[in-house]
Structure formats: C-alpha cells, structure tokens
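Beneath this line is the structure, given in structure tokens, with notes to follow.
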Amino acid sequence: MSVQILGGQFKGYSVQVPELVSRPTSVLLRRRLFDRYQNLSGFSFIDGLAGSGAVGFEALSRGADSLVFVESNYSAIQLIKKNIQGLIKWGHLENATLPIKTVQEDVIVYLRNWSVQYKQLDLEAQKHAIIFFDPPYEKHDLYEKLRHLFFENKFFHGELWIESEMKKGVPPDFWPKDFPPTKIINQGDSYLAIFHF
C-alpha cells in the first residue's frame with residue numbers, strides 16, 4: 001500500500017505504508033490540512049508517531065527547513081528510511097542533502113528530551129516549530145501524556161497539530177478549556193486540532 005504526496009516539490013511521490021503497523025492520515029484530511037499550509041519554508045517539523053511518514057513528507061515537500069520522523073516501531077522506521085532513499089532517487093537528488101532525521105524512540109521520551117534543546121532556541125525559532133502527533137486513536141494514555149507535556153508545562157511557543165477521532169479517540173473538548181484549538185479540521189469521524197502556543 002502507498003499514499004502519494006499531494007503537493008509541493010515532491011508532488012506525486014508514492015510513500016510506502018507499513019502494513020499492520022500504522023493508519024496513515026486520510027488523503028482528504030491531509031489535503032484539507034495542507035490547503036491551509038502550502039508553504040512551510042522557515043519551519044522545522046516533527047512527525048511524532050510517524051508511521052508511514054506521509055504527513056512529514058508532505059511538510060518537506062511544502063518547503064519545511066528540517067524534518068524529524070519519530071517512531072518506536074523498528075519496521076516502520078526502516079520503511080521510512082527506504083522511503084527517503086526512494087524520494088532521493090525519484091527526485092534525482094543524489095548529490096543533495098535532505099534535511100531529514102529519523103529517530104527510533106518513544107515519542108513522549110523524545111519530546112521531553114527535545115524540549116530541553118528547544119528552550120535554548122531564540123523565540124523566533126521556537127515559534128517556527130511544528131509538531132504533528134497522530135497516535136493510534138484508542139491510545140488515550142498518549143493523548144494524556146501529550147496534554148501534560150504541552151498544556152501543563154507550557155514551554156512550547158510553536159504549533160501543535162493533533163489528529164484524533166470522535167468514536168475511538170479523544171473528543172475535541174478533551175483539550176484544556178482555557179486553551180482551545182485555533183482551528184479544527186474535520187473529515188468524517190476524524191479531526192485535526194491545530195494549536196498555536
């Protein structure tokens with residue numbers, strides 16, 4: 001199974017999806033999201049729980065300055081690496097250095113460690129960070145940990161994109177009432193909440 005990059009420099013490249021490991025963000029939801037974010041030049045992007053990496057590759061295609069894939073599953077991270085090599089061949093980029101890093105680690109552990117480095121950046125660089133978080137919908141404990149890390153610690157000044165679903169996931173009112181999403185993009189039962197800190 002594969003999903004195609006919808007726009008930008010790498011439009012049309014097919015990202016291979018690991019079987020039985022991930023549920024890629026739907027094409028319609030990705031399209032609605034990236035219709036709003038067509039140019040990510042100047043932004044750093046973290047694709048947490050990357051799975052297939054489709055959203056991260058889309059962000060790179062739209063000009064993101066750097067991209068980090070975080071995924072704990074070994075087979076998924078290996079497939080992401082193969083997708084990166086495939087993208088290099090597809091785009092004839094053999095002599096180019098793509099600003100991509102892959103990390104095989106628990107996403108919450110990674111983000112806790114990353115937050116220390118993030119705090120050392122200047123405010124402008126902090127504001128130009130985007131984190132995409134798309135866990136298996138039923139893993140409510142991951143949403144709880146994310147809420148604690150970002151909404152209670154209050155260290156983050158960038159954008160947080162969180163995907164969930166009404167039936168299996170957490171509802172939009174799961175997030176703190178004093179910090180509602182700036183935008184919610186709905187697609188069927190799924191939604192993507194965008195927070196600007």
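Residues in the structure tokens are named by chain (A, B, ... in the order shown) and by number from 1 within that chain; ligands are numbered from 1 in the order shown.
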
**OP:** For Pro18 of chain A, please output as a list in words all residues within 10 Å (counting only C-alpha atoms; exclusion window: fewer than 2 positions along the same chain).
**Re:**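 That gives Met1, Ser2, Val15, Gln16, Leu20, Val21, Ser22, Arg23, Pro24, Gly51, Ser52, Gly53, Ser75, Ala76, Ile77, Gln78, Leu79 and Ile80 of chain A.
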
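Residues lying within 6 Å of segment 58-66 of chain A, counting only C-alpha atoms and ignoring same-chain neighbours fewer than 4 positions away, are Ile5, Gly8, Gln9, Phe10, Gln38, Asn39, Leu40, Ser41, Gly42, Phe43, Ser44 and Pro99 of chain A.
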
I need the chosen residues saved as a short mmCIF file (atom, residue, chain, number, x, y, z; two decimals), in the first residue's frame, with C-alpha atoms.
data_model
loop_
_atom_site.label_atom_id
_atom_site.label_comp_id
_atom_site.auth_asym_id
_atom_site.auth_seq_id
_atom_site.Cartn_x
_atom_site.Cartn_y
_atom_site.Cartn_z
CA ILE A 5 2.40 13.35 -1.76
CA GLY A 8 4.84 20.90 -3.46
CA GLN A 9 8.31 19.93 -4.69
CA PHE A 10 7.72 16.18 -4.37
CA GLN A 38 1.01 25.35 1.35
CA ASN A 39 4.35 26.97 2.23
CA LEU A 40 6.26 25.76 5.29
CA SER A 41 9.52 27.46 4.40
CA GLY A 42 11.26 28.55 7.59
CA PHE A 43 9.59 25.89 9.76
CA SER A 44 11.06 22.86 11.49
CA PRO A 99 17.26 17.89 6.00
#

- Message: I need the residues of segment 102-175 of chain A that end up classed as helix (DSSP H, G or I) by DSSP on the backbone, written out as a PyMOL selection string.
- Response: chain A and resi 107-118+123-127+140-152+172-174

Self-check item: Of the listed residues A:Gln126, A:Ser72, A:Gln120, A:Gln4, that which approaches Ile108 of chain A most closely, counting only C-alpha atoms
Solution: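 The shortest atom-to-atom distance to Ile108 of chain A comes from A:Ser72.
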
- Task: Report as number ranges by chain: the residues of segment 40-192 of chain A with a DSSP assignment of strand (DSSP E), based on the backbone of this structure.
- Result: A: 44-48, 66-70, 100-103, 129-133, 159-165, 183-187, 190-192

Task: Shell of 9 Å around Ile130 of chain A, only C-alpha atoms, local chain residues under 4 positions omitted, as a PyMOL selection string - done: chain A and resi 43-47+158-161

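Picture a line from atom CA of Phe69 of chain A to atom CA of Ala125 of chain A; it runs 19.1 Å.
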
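Residue nearest Trp90 of chain A within the list A:Gly12, A:Pro172, A:Lys127, A:Arg31: A:Gly12 [criterion: smallest interatomic distance, only C-alpha atoms].
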
Across A:Val170, A:Ala96, A:Leu149, A:Val3, the smallest distance to Ser26 of chain A, with only C-alpha atoms counted, is shown by A:Val3

* Given the choices A:Leu6, A:Ser190, A:Phe34, A:Phe57, which gets closest to Gly86 of chain A if the distance is worked out from only C-alpha atoms? ->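 Among A:Leu6, A:Ser190, A:Phe34, A:Phe57, it is A:Phe57 that comes nearest to Gly86 of chain A.
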
Can you tell me how far atom CA of Leu49 of chain A sits from atom CA of His196 of chain A, in Å to one decimal?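 That distance, rounded to one decimal, is 20.3 Å.
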
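Minimum atom-to-atom distances from A:Gln187, A:Phe195, A:Lys101, A:Arg32 to Arg147 of chain A were compared using only C-alpha atoms, and the lowest value belongs to A:Phe195.
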
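Taking atom CA of Asp173 of chain A and atom CA of Ala193 of chain A as the two end points, the separation is 10.5 Å.
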
Exercise for review: Considering only C-alpha atoms, return as a PyMOL selection string whatever protein or nucleic-acid residues lie within 8 Å of Phe156 of chain A, sequence-local ones (same chain, fewer than 6 positions apart) excluded.
Suggested key: chain A and resi 115+126+150+197

Please determine, counting only C-alpha atoms, which residue among A:Gly7, A:Ile194, A:Pro176, A:Lys81 has the shortest atom-to-atom distance to His148 of chain A.
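The closest residue to His148 of chain A is A:Pro176.
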